[in-house]
$ cat my_file_12.csv   # CSV, C-alpha atoms
chain,number,residue,atom,x,y,z
A,1,MET,CA,27.6,12.4,0.6
A,2,ALA,CA,26.3,15.7,2.0
A,3,LEU,CA,23.4,17.0,4.0
A,4,ALA,CA,21.9,17.7,0.7
A,5,ARG,CA,21.2,14.0,0.2
A,6,ILE,CA,19.5,12.9,3.4
A,7,PRO,CA,16.9,10.4,2.4
A,8,ALA,CA,19.0,9.3,-0.5
A,9,ASP,CA,16.4,7.2,-2.3
A,10,ASP,CA,14.6,10.2,-3.9
A,11,PHE,CA,16.1,11.5,-7.0
A,12,HIS,CA,15.5,12.8,-10.4
A,13,GLY,CA,16.4,11.2,-13.7
A,14,THR,CA,17.2,12.6,-17.0
A,15,ASN,CA,14.5,14.1,-19.0
A,16,ALA,CA,13.3,13.0,-22.4
A,17,SER,CA,16.0,14.8,-24.2
A,18,GLY,CA,18.6,13.4,-21.9
A,19,GLU,CA,19.1,16.7,-20.2
A,20,ARG,CA,20.2,16.3,-16.6
A,21,GLN,CA,18.0,17.6,-14.0
A,22,ARG,CA,19.8,20.1,-12.0
A,23,PRO,CA,20.7,19.2,-8.4
A,24,GLY,CA,20.4,21.5,-5.5
A,25,ALA,CA,22.7,22.4,-2.7
A,26,PHE,CA,20.2,21.5,-0.1
A,27,ASP,CA,17.8,19.0,-1.4
A,28,PRO,CA,17.5,16.1,1.0
A,29,TRP,CA,16.7,13.9,-1.9
A,30,SER,CA,19.2,15.5,-4.3
A,31,THR,CA,22.7,16.5,-4.6
A,32,SER,CA,24.8,19.7,-4.4
A,33,GLY,CA,25.0,22.5,-6.9
A,34,ALA,CA,22.6,24.6,-8.9
A,35,GLY,CA,22.2,25.1,-12.6
A,36,PRO,CA,22.6,28.2,-14.6
A,37,GLY,CA,19.9,30.7,-14.2
A,38,GLU,CA,19.0,29.4,-10.8
A,39,ARG,CA,19.4,30.9,-7.4
A,40,GLU,CA,22.7,29.8,-5.9
A,41,GLY,CA,23.5,30.4,-2.3
A,42,VAL,CA,20.2,31.6,-1.3
A,43,PRO,CA,19.8,31.4,2.5
A,44,LEU,CA,17.1,29.0,3.4
A,45,ALA,CA,15.0,31.5,5.4
A,46,ARG,CA,15.4,34.6,3.3
A,47,LYS,CA,12.1,36.2,2.5
A,48,GLN,CA,11.3,38.1,-0.6
A,49,PRO,CA,8.6,40.7,-1.0
A,50,GLU,CA,5.4,39.6,-2.5
A,51,PRO,CA,6.6,36.3,-4.0
A,52,LYS,CA,4.0,34.9,-6.3
A,53,ALA,CA,3.6,32.4,-9.0
A,54,THR,CA,1.6,33.1,-12.1
A,55,VAL,CA,-1.3,30.9,-12.5
A,56,VAL,CA,-1.7,30.2,-16.2
A,57,GLY,CA,-4.6,27.9,-16.1
A,58,HIS,CA,-6.6,25.7,-13.8
A,59,LEU,CA,-7.6,22.1,-14.1
A,60,HIS,CA,-10.4,20.5,-12.3
A,61,GLY,CA,-10.2,16.8,-11.4
A,62,SER,CA,-12.4,14.1,-10.3
A,63,THR,CA,-11.8,14.3,-6.6
A,64,HIS,CA,-14.1,14.0,-3.6
A,65,PRO,CA,-16.5,16.9,-3.8
A,66,ALA,CA,-16.2,17.6,0.0
A,67,THR,CA,-12.7,16.8,0.9
A,68,GLY,CA,-10.9,17.3,-2.4
A,69,GLU,CA,-9.1,14.1,-1.9
A,70,MET,CA,-7.8,11.7,-4.4
A,71,PRO,CA,-9.0,8.2,-3.8
A,72,ALA,CA,-7.0,6.1,-1.4
A,73,PRO,CA,-4.5,3.8,-3.1
A,74,PRO,CA,-6.4,0.5,-2.9
A,75,HIS,CA,-9.4,1.9,-4.6
A,76,ALA,CA,-7.9,4.5,-6.8
A,77,SER,CA,-8.6,4.7,-10.5
A,78,ALA,CA,-5.5,3.3,-12.0
A,79,VAL,CA,-3.2,4.5,-14.8
A,80,GLY,CA,-3.8,1.1,-16.1
A,81,GLU,CA,-3.6,-2.1,-14.0
A,82,THR,CA,-0.8,-3.3,-16.2
A,83,PRO,CA,1.3,-5.9,-14.5
A,84,PHE,CA,4.9,-5.0,-14.7
A,85,HIS,CA,6.4,-7.8,-16.7
A,86,CYS,CA,10.1,-7.3,-16.7
A,87,GLU,CA,12.6,-9.8,-17.6
A,88,GLY,CA,15.0,-10.4,-14.8
A,89,HIS,CA,12.7,-9.5,-12.0
A,90,PRO,CA,11.9,-12.1,-9.3
A,91,ARG,CA,8.3,-13.2,-9.3
A,92,ALA,CA,7.5,-14.2,-5.8
A,93,PRO,CA,4.2,-15.9,-5.5
A,94,GLY,CA,1.4,-13.5,-4.9
A,95,ALA,CA,3.8,-10.6,-4.8
A,96,GLU,CA,3.0,-9.1,-8.2
A,97,GLY,CA,1.5,-5.8,-7.5
A,98,SER,CA,0.8,-6.6,-3.9
A,99,TRP,CA,2.9,-3.8,-2.6
A,100,TRP,CA,2.8,-1.3,-5.4
A,101,ARG,CA,-0.1,0.0,-7.3
A,102,PRO,CA,-0.7,2.7,-10.0
A,103,ILE,CA,-2.8,5.4,-8.4
A,104,GLY,CA,-3.2,7.9,-11.1
A,105,ASP,CA,-2.0,9.7,-14.2
A,106,ALA,CA,-1.0,13.3,-13.4
A,107,GLY,CA,-0.9,15.0,-16.8
A,108,GLY,CA,1.0,12.2,-18.3
A,109,ALA,CA,3.1,11.3,-15.3
A,110,ALA,CA,2.3,7.8,-14.1
A,111,ILE,CA,2.1,7.7,-10.3
A,112,VAL,CA,2.7,4.4,-8.5
A,113,HIS,CA,2.1,4.0,-4.8
A,114,VAL,CA,4.5,1.8,-2.9
A,115,ASP,CA,3.5,0.2,0.4
A,116,LEU,CA,6.4,0.6,2.7
A,117,ARG,CA,5.1,-1.1,5.7
A,118,PRO,CA,7.6,-3.6,7.2
A,119,ASP,CA,7.5,-6.9,5.4
A,120,GLU,CA,10.5,-9.1,5.2
A,121,THR,CA,9.1,-11.1,2.2
A,122,ARG,CA,8.6,-8.0,0.2
A,123,GLU,CA,12.0,-6.6,1.0
A,124,ALA,CA,13.7,-9.8,0.2
A,125,GLU,CA,11.9,-9.9,-3.1
A,126,ALA,CA,12.9,-6.3,-3.8
A,127,LEU,CA,16.5,-6.9,-3.0
A,128,ARG,CA,16.7,-9.7,-5.6
A,129,SER,CA,16.1,-7.1,-8.4
A,130,LEU,CA,18.8,-4.7,-7.2
A,131,ASP,CA,22.3,-4.7,-8.7
A,132,ARG,CA,25.5,-5.0,-6.8
A,133,GLU,CA,25.9,-1.2,-6.3
A,134,GLU,CA,22.4,-0.8,-5.0
A,135,LEU,CA,22.9,-3.7,-2.6
A,136,ALA,CA,26.0,-2.1,-1.3
A,137,ARG,CA,24.1,1.1,-0.7
A,138,TRP,CA,21.4,-0.9,1.0
A,139,HIS,CA,23.9,-2.4,3.4
A,140,ARG,CA,25.3,1.1,4.2
A,141,TYR,CA,22.0,2.2,5.7
A,142,ARG,CA,22.2,1.7,9.5
A,143,HIS,CA,18.5,2.1,10.2
A,144,PRO,CA,15.8,-0.4,9.0
A,145,ARG,CA,13.3,2.2,7.8
A,146,PRO,CA,15.5,4.0,5.2
A,147,ARG,CA,16.9,0.7,4.2
A,148,ARG,CA,13.4,-0.7,3.6
A,149,GLN,CA,12.3,2.5,1.8
A,150,PHE,CA,15.3,2.4,-0.5
A,151,ALA,CA,14.9,-1.3,-1.4
A,152,LEU,CA,11.2,-1.3,-2.0
A,153,CYS,CA,11.1,2.0,-3.9
A,154,ARG,CA,14.1,1.2,-6.0
A,155,ALA,CA,12.7,-2.2,-6.9
A,156,VAL,CA,9.4,-0.7,-8.0
A,157,LEU,CA,11.2,2.1,-9.9
A,158,ARG,CA,13.1,-0.7,-11.7
A,159,ARG,CA,10.0,-2.5,-12.6
A,160,VAL,CA,8.1,0.5,-13.8
A,161,LEU,CA,11.0,1.9,-15.7
A,162,CYS,CA,11.8,-1.4,-17.4
A,163,GLU,CA,8.2,-1.9,-18.3
A,164,ARG,CA,7.8,1.5,-19.8
A,165,ILE,CA,11.0,1.6,-21.8
A,166,GLY,CA,11.1,-2.1,-22.6
A,167,CYS,CA,14.4,-3.2,-21.2
A,168,ALA,CA,15.5,-6.1,-19.1
A,169,ASN,CA,16.1,-5.4,-15.4
A,170,GLN,CA,19.7,-6.6,-15.6
A,171,ASP,CA,20.3,-4.0,-18.3
A,172,LEU,CA,19.1,-1.2,-16.3
A,173,ARG,CA,21.5,0.6,-14.0
A,174,PHE,CA,21.6,3.9,-12.2
A,175,VAL,CA,24.6,6.1,-12.6
A,176,SER,CA,25.9,9.3,-11.1
A,177,LEU,CA,25.6,12.2,-13.5
A,178,GLU,CA,27.0,15.7,-13.1
A,179,HIS,CA,27.1,16.9,-9.4
A,180,GLY,CA,26.3,13.3,-8.4
A,181,LYS,CA,22.8,13.4,-9.7
A,182,PRO,CA,21.6,9.8,-10.5
A,183,GLY,CA,20.5,9.0,-14.0
A,184,ALA,CA,19.6,5.7,-15.6
A,185,LEU,CA,21.1,3.8,-18.4
A,186,ALA,CA,19.5,0.9,-20.3
A,187,GLY,CA,22.5,-0.9,-21.6
A,188,GLU,CA,24.7,2.0,-22.7
A,189,GLU,CA,21.9,4.3,-23.7
A,190,PRO,CA,20.6,7.0,-21.4
A,191,VAL,CA,17.0,6.3,-20.4
A,192,ARG,CA,14.7,8.8,-22.2
A,193,ALA,CA,12.2,9.2,-19.4
A,194,SER,CA,11.8,11.4,-16.4
A,195,PHE,CA,11.4,9.8,-13.1
A,196,ASN,CA,11.3,10.7,-9.5
A,197,VAL,CA,10.8,8.9,-6.2
A,198,SER,CA,9.6,10.0,-2.8
A,199,HIS,CA,8.9,8.2,0.5
A,200,GLY,CA,7.3,9.3,3.7
A,201,GLY,CA,6.6,6.9,6.5
A,202,ASP,CA,4.8,3.9,5.1
A,203,HIS,CA,4.2,5.4,1.7
A,204,GLY,CA,6.3,5.7,-1.3
A,205,LEU,CA,5.5,7.2,-4.7
A,206,VAL,CA,7.3,6.6,-7.9
A,207,ALA,CA,6.5,9.1,-10.7
A,208,LEU,CA,7.4,8.5,-14.3
A,209,ALA,CA,6.8,10.6,-17.4
A,210,PRO,CA,8.0,10.4,-21.0
A,211,ARG,CA,9.3,14.0,-20.9
A,212,GLY,CA,9.7,17.1,-18.8
A,213,ARG,CA,11.3,17.7,-15.5
A,214,LEU,CA,9.4,15.9,-12.8
A,215,GLY,CA,9.2,16.0,-9.0
A,216,VAL,CA,7.1,14.1,-6.5
A,217,ASP,CA,6.7,14.3,-2.8
A,218,VAL,CA,4.8,12.3,-0.2
A,219,GLU,CA,4.4,12.8,3.5
A,220,GLU,CA,2.4,11.2,6.2
A,221,ARG,CA,0.5,13.9,8.1
A,222,SER,CA,2.4,13.3,11.3
A,223,LEU,CA,2.9,16.8,12.6
A,224,ARG,CA,6.2,16.8,14.3
A,225,HIS,CA,6.8,20.5,13.9
A,226,ASP,CA,4.8,23.6,14.9
A,227,PRO,CA,3.5,25.0,11.6
A,228,ASP,CA,3.9,28.4,13.0
A,229,GLY,CA,7.4,27.7,14.3
A,230,HIS,CA,10.7,28.0,12.6
A,231,ILE,CA,9.7,25.7,9.8
A,232,ARG,CA,7.1,28.3,8.6
A,233,LYS,CA,10.0,30.2,7.0
A,234,VAL,CA,9.9,27.7,4.1
A,235,PHE,CA,6.6,29.3,3.1
A,236,ALA,CA,5.9,32.6,1.3
A,237,PRO,CA,4.4,35.4,3.5
A,238,ARG,CA,0.9,34.9,2.3
A,239,GLU,CA,1.2,31.1,2.8
A,240,GLN,CA,2.4,31.8,6.4
A,241,GLU,CA,-0.6,34.0,7.0
A,242,ALA,CA,-3.0,31.4,5.7
A,243,LEU,CA,-1.4,28.8,8.0
A,244,ALA,CA,-1.4,31.1,11.0
A,245,ALA,CA,-5.1,31.7,10.5
A,246,ALA,CA,-6.0,28.0,10.0
A,247,ARG,CA,-7.0,25.8,12.9
A,248,GLY,CA,-7.0,22.2,13.9
A,249,LYS,CA,-7.0,19.5,11.2
A,250,HIS,CA,-7.4,22.1,8.5
A,251,LYS,CA,-4.1,23.6,9.6
A,252,THR,CA,-2.4,20.3,9.5
A,253,TRP,CA,-3.7,19.5,6.1
A,254,MET,CA,-2.8,22.9,4.7
A,255,PHE,CA,0.7,22.6,6.1
A,256,PHE,CA,1.3,19.3,4.4
A,257,ARG,CA,-0.4,20.3,1.2
A,258,LEU,CA,1.9,23.3,0.9
A,259,TRP,CA,4.9,21.4,1.9
A,260,THR,CA,4.4,18.6,-0.6
A,261,LEU,CA,3.5,21.1,-3.4
A,262,LYS,CA,6.7,23.1,-2.7
A,263,GLU,CA,8.9,20.1,-2.4
A,264,ALA,CA,7.5,18.6,-5.7
A,265,VAL,CA,8.4,21.9,-7.4
A,266,ILE,CA,11.9,22.1,-6.2
A,267,LYS,CA,12.5,18.5,-6.9
A,268,ALA,CA,11.2,19.0,-10.4
A,269,LEU,CA,13.5,22.0,-10.8
A,270,GLY,CA,16.4,20.0,-9.4
A,271,THR,CA,17.4,22.9,-7.2
A,272,GLY,CA,16.4,21.4,-3.9
A,273,PHE,CA,16.5,23.9,-1.1
A,274,SER,CA,19.1,26.0,-2.9
A,275,LEU,CA,15.9,27.6,-4.2
A,276,ASP,CA,14.4,29.5,-1.3
A,277,THR,CA,10.9,28.1,-1.2
A,278,SER,CA,9.6,31.2,0.4
A,279,THR,CA,10.3,33.1,-2.8
A,280,PHE,CA,7.6,31.5,-4.8
A,281,GLU,CA,4.0,31.0,-3.9
A,282,ILE,CA,1.8,28.1,-4.5
A,283,PRO,CA,-1.4,29.3,-6.2
A,284,PRO,CA,-3.7,30.1,-3.3
A,285,SER,CA,-6.6,28.2,-4.9
A,286,MET,CA,-4.6,25.0,-4.1
A,287,TYR,CA,-4.4,25.5,-0.4
A,288,LEU,CA,-7.4,27.8,0.2
A,289,SER,CA,-9.9,26.3,-2.1
A,290,ASN,CA,-8.7,22.7,-2.4
A,291,GLU,CA,-8.2,23.0,-6.1
A,292,ARG,CA,-6.3,19.9,-7.1
A,293,ARG,CA,-4.4,20.9,-10.3
A,294,THR,CA,-3.1,24.0,-11.9
A,295,ILE,CA,-0.6,25.3,-14.3
A,296,PHE,CA,1.7,28.0,-13.1
A,297,GLU,CA,4.9,29.8,-13.6
A,298,LEU,CA,7.7,30.5,-11.2
A,299,PRO,CA,8.4,34.2,-10.9
A,300,HIS,CA,12.1,33.8,-11.5
A,301,LEU,CA,11.6,31.4,-14.4
A,302,PRO,CA,9.1,33.1,-16.7
A,303,GLY,CA,8.1,31.1,-19.8
A,304,LEU,CA,8.5,27.8,-18.1
A,305,ARG,CA,5.2,26.3,-17.1
A,306,TRP,CA,4.6,23.6,-14.5
A,307,ARG,CA,1.7,21.3,-14.0
A,308,LEU,CA,1.1,21.1,-10.3
A,309,GLU,CA,-1.2,18.5,-8.8
A,310,ASP,CA,-2.1,17.6,-5.3
A,311,LEU,CA,-2.2,13.8,-4.9
A,312,GLY,CA,-3.1,13.8,-1.3
A,313,ASN,CA,-5.7,11.5,0.2
A,314,ARG,CA,-6.8,10.4,3.6
A,315,GLU,CA,-3.7,8.4,4.1
A,316,PHE,CA,-1.0,10.8,3.0
A,317,ALA,CA,-0.2,14.2,1.6
A,318,ALA,CA,1.5,14.2,-1.8
A,319,ALA,CA,2.1,16.3,-4.8
A,320,VAL,CA,3.6,16.1,-8.3
A,321,ALA,CA,5.1,18.8,-10.4
A,322,LEU,CA,5.7,18.2,-14.1
A,323,GLU,CA,7.3,20.6,-16.6
A,324,VAL,CA,4.9,21.5,-19.4
A,325,PRO,CA,6.6,21.3,-22.8
A,326,ARG,CA,6.9,24.5,-24.6
A,327,ASN,CA,4.3,24.6,-27.4
A,328,PRO,CA,3.3,28.1,-28.4
A,329,GLY,CA,0.4,26.9,-30.6
A,330,SER,CA,-1.4,25.0,-27.9
A,331,GLY,CA,-3.1,27.8,-26.0
A,332,THR,CA,-2.5,27.3,-22.3
A,333,GLY,CA,-0.7,24.0,-23.0
A,334,VAL,CA,-2.6,22.3,-20.2
A,335,PRO,CA,-2.0,18.6,-20.7
B,1,MET,CA,29.7,24.8,26.3
B,2,SER,CA,31.2,24.0,23.0
B,3,VAL,CA,29.4,24.4,19.7
B,4,GLU,CA,29.6,20.7,19.2
B,5,THR,CA,28.1,19.9,22.6
B,6,ARG,CA,25.3,22.5,22.0
B,7,LEU,CA,24.6,21.2,18.5
B,8,PHE,CA,24.5,17.5,19.6
B,9,ALA,CA,22.2,18.3,22.4
B,10,LEU,CA,19.9,20.2,20.1
B,11,ALA,CA,19.9,17.3,17.7
B,12,GLN,CA,19.1,14.8,20.4
B,13,GLU,CA,16.2,17.0,21.6
B,14,ASN,CA,14.8,17.5,18.1
B,15,LEU,CA,15.7,14.5,16.0
B,16,GLU,CA,15.0,10.9,16.5
B,17,LEU,CA,18.6,9.7,16.6
B,18,GLY,CA,18.4,6.9,19.1
B,19,ARG,CA,20.2,6.6,22.4
B,20,ASP,CA,23.8,6.4,21.1
B,21,PRO,CA,23.9,8.5,17.9
B,22,ASP,CA,26.9,8.3,15.6
B,23,TRP,CA,27.8,11.9,14.9
B,24,ASP,CA,30.0,10.8,12.0
B,25,LEU,CA,27.2,8.9,10.3
B,26,LYS,CA,26.5,10.2,6.8
B,27,LEU,CA,23.2,12.0,7.1
B,28,SER,CA,22.1,10.5,3.8
B,29,GLU,CA,22.3,7.1,5.5
B,30,SER,CA,20.4,8.2,8.6
B,31,ASP,CA,16.8,8.1,9.3
B,32,ILE,CA,16.3,11.9,9.1
B,33,SER,CA,13.5,13.0,6.8
B,34,SER,CA,13.7,16.1,4.6
B,35,MET,CA,11.2,17.9,6.7
B,36,ASP,CA,13.1,17.1,9.9
B,37,ALA,CA,16.3,18.2,8.3
B,38,VAL,CA,14.9,21.5,7.1
B,39,ALA,CA,13.2,22.2,10.4
B,40,PHE,CA,16.5,21.4,12.2
B,41,ILE,CA,18.5,23.8,10.0
B,42,LYS,CA,16.0,26.5,10.7
B,43,LEU,CA,16.4,25.8,14.3
B,44,VAL,CA,20.1,25.8,14.2
B,45,ASN,CA,20.1,29.2,12.4
B,46,HIS,CA,17.9,30.5,15.1
B,47,GLU,CA,19.8,29.0,18.1
B,48,PHE,CA,23.3,30.0,16.8
B,49,GLY,CA,22.3,33.3,15.3
B,50,ILE,CA,23.6,32.4,11.9
B,51,GLU,CA,22.2,31.9,8.4
B,52,ILE,CA,23.6,28.8,6.8
B,53,PRO,CA,23.6,29.3,3.0
B,54,ALA,CA,22.3,26.6,0.9
B,55,GLU,CA,25.5,25.9,-0.9
B,56,ALA,CA,27.2,25.3,2.4
B,57,LEU,CA,24.7,22.6,3.2
B,58,GLY,CA,25.9,20.7,0.2
B,59,GLU,CA,29.2,20.2,1.9
B,60,ILE,CA,27.8,19.2,5.3
B,61,ASP,CA,27.5,15.5,5.4
B,62,THR,CA,27.5,14.7,9.1
B,63,MET,CA,26.4,16.3,12.3
B,64,ARG,CA,30.1,16.7,13.2
B,65,SER,CA,30.8,18.6,10.0
B,66,LEU,CA,27.7,20.8,10.7
B,67,ALA,CA,29.3,21.6,14.1
B,68,LYS,CA,32.6,22.5,12.4
B,69,TYR,CA,30.7,24.8,10.0
B,70,ILE,CA,29.0,26.6,12.8
B,71,GLU,CA,32.2,27.0,14.7
B,72,ALA,CA,33.9,28.5,11.6
B,73,ALA,CA,30.9,30.8,11.0
B,74,ALA,CA,30.5,32.0,14.5
$ encode --input "my_file_12.csv" --output "structure tokens"
Amino acid sequence: MALARIPADDFHGTNASGERQRPGAFDPWSTSGAGPGEREGVPLARKQPEPKATVVGHLHGSTHPATGEMPAPPHASAVGETPFHCEGHPRAPGAEGSWWRPIGDAGGAAIVHVDLRPDETREAEALRSLDREELARWHRYRHPRPRRQFALCRAVLRRVLCERIGCANQDLRFVSLEHGKPGALAGEEPVRASFNVSHGGDHGLVALAPRGRLGVDVEERSLRHDPDGHIRKVFAPREQEALAAARGKHKTWMFFRLWTLKEAVIKALGTGFSLDTSTFEIPPSMYLSNERRTIFELPHLPGLRWRLEDLGNREFAAAVALEVPRNPGSGTGVP
Amino acid sequence: MSVETRLFALAQENLELGRDPDWDLKLSESDISSMDAVAFIKLVNHEFGIEIPAEALGEIDTMRSLAKYIEAAA
């Protein structure tokens, strides 16, 4: 287990065609290695001249007109308040949906919020749906927070995945694919869905899509690092300039918006931080104008389009990136 | 001061590792967030005057192994 895998609960699944999502050498939620055509061995802080992403199209969503926020989880418009009925899952009284809730549909990716506040009852319930290997992993965590994050997010992922693909919980298992990347099997069949998990502080997000590479990231806006300090090197030059010019709460929000958008992209790519995040630029409209959604291309991967959406609200910063299927006859292909 | 001593001091100053950190603990099983990890690597690069390549980080699984990497790279 390497530095590349720090908060080990976050991971990518296989995509709709069963293709493995490529792991990165330094993705705290991922594993080592990089796929063909991707940047291997790129130093974390190397800057590239004028890195940009091509904005293919813009989407405008129903967010708060002043803040550009998505609704907070308890009041959010739901993907569908479908209870997750899944054979084999424990059904503690009153627990159904009490700590996870669909909060949106990002271009076909269902987004489920997981409440990660300490709660022994919830954690005990979550543990009852995990298999032997997952329980062993849970025991290996020394600290209560990552242990809780893993248990609660994994249990919700199981519920959502089982519900979506129609399998029993006991038939679902997570396996290690190439380079140690986790994938899912329903019985002996690879799960034909994309999924990704993130947690930050008391918030977890589970993202699930029928196809396309998918990445999600969530962070509490607890500013532990100077946005203009060493960590700024993860951003492209123009992003650094915008951050340097921003002040107060606006600066904090911009930092986390950029961070989560970048992290969602590299998680979707499966590269982790083996892709130098300063070499591509988030469309400025997303951090200067509070635009919530866009379609863009990475400069080093022309022809591949990504739907990028800011999922942040008052409680947390979050973003999701979803690969847009190639479809030459569909104009911009905006889902 | 040895690289290991410097690194561990830097980690204690900048990461929430508790009073008695286990330097051989798998980082994946620690309580270090991705943001803290990235920020710490940037700091290590700066403090030790090195540039740890991404593929090397894939092989670094504990603070002690990070210290060994820095020693070898210095």
$ interface_residues --input "my_file_12.csv" --of "chain B" --to "chain A" --cutoff "8 Å" --atoms "all atoms listed in the file" --output "NGL selection string"
:B and (26-34 or 37-39 or 42-43 or 51-62)
$ residues_around --input "my_file_12.csv" --residues "B:Arg64" --least-positions-apart "6" --cutoff "12 Å" --atoms "only C-alpha atoms" --output "list in words"
Ala2 and Leu3 of chain A; Val3, Glu4, Thr5, Arg6, Leu7, Phe8, Ala11, Pro21, Asp22, Trp23, Asp24, Leu25, Lys26, Leu27, Ile70 and Glu71 of chain B
$ atom_distance --input "my_file_12.csv" --atom1 "atom CA of A:Lys262" --atom2 "atom CA of A:Ala184"
25.2 Å
$ atom_distance --input "my_file_12.csv" --atom1 "atom CA of A:Leu311" --atom2 "atom CA of A:Val324"
17.9 Å
$ atom_distance --input "my_file_12.csv" --atom1 "atom CA of A:Trp100" --atom2 "atom CA of A:Ala155"
10.1 Å
$ closest_residue --input "my_file_12.csv" --among "A:Phe195, A:Phe235, A:Phe150, A:Phe256" --to "A:Ala319" --atoms "only C-alpha atoms"
A:Phe256
$ closest_residue --input "my_file_12.csv" --among "A:Val197, A:Leu130, A:Ala317, A:Val156" --to "A:Asp171" --atoms "all atoms listed in the file"
A:Leu130
$ closest_residue --input "my_file_12.csv" --among "A:Asp131, A:Gly187, A:Arg148, A:Ser285" --to "A:Pro118" --atoms "only C-alpha atoms"
A:Arg148
$ residues_around --input "my_file_12.csv" --residues "stretch 286-289 of chain A" --least-positions-apart "5" --cutoff "7 Å" --atoms "all atoms listed in the file" --output "number ranges by chain"
A: 254, 257-258
$ residues_near_point --input "my_file_12.csv" --point "(14.4, -2.6, -21.0)" --cutoff "9 Å" --atoms "all atoms listed in the file" --output "ChimeraX atom specification"
/A:86-87,161-172,186-187
$ closest_residue --input "my_file_12.csv" --among "B:Asp20, B:Ala72, B:Leu15, B:Phe48" --to "B:Met35" --atoms "all atoms listed in the file"
B:Leu15
$ closest_residue --input "my_file_12.csv" --among "B:Asp36, B:Lys68, B:Met1, B:Gly49" --to "B:Asn14" --atoms "all atoms listed in the file"
B:Asp36
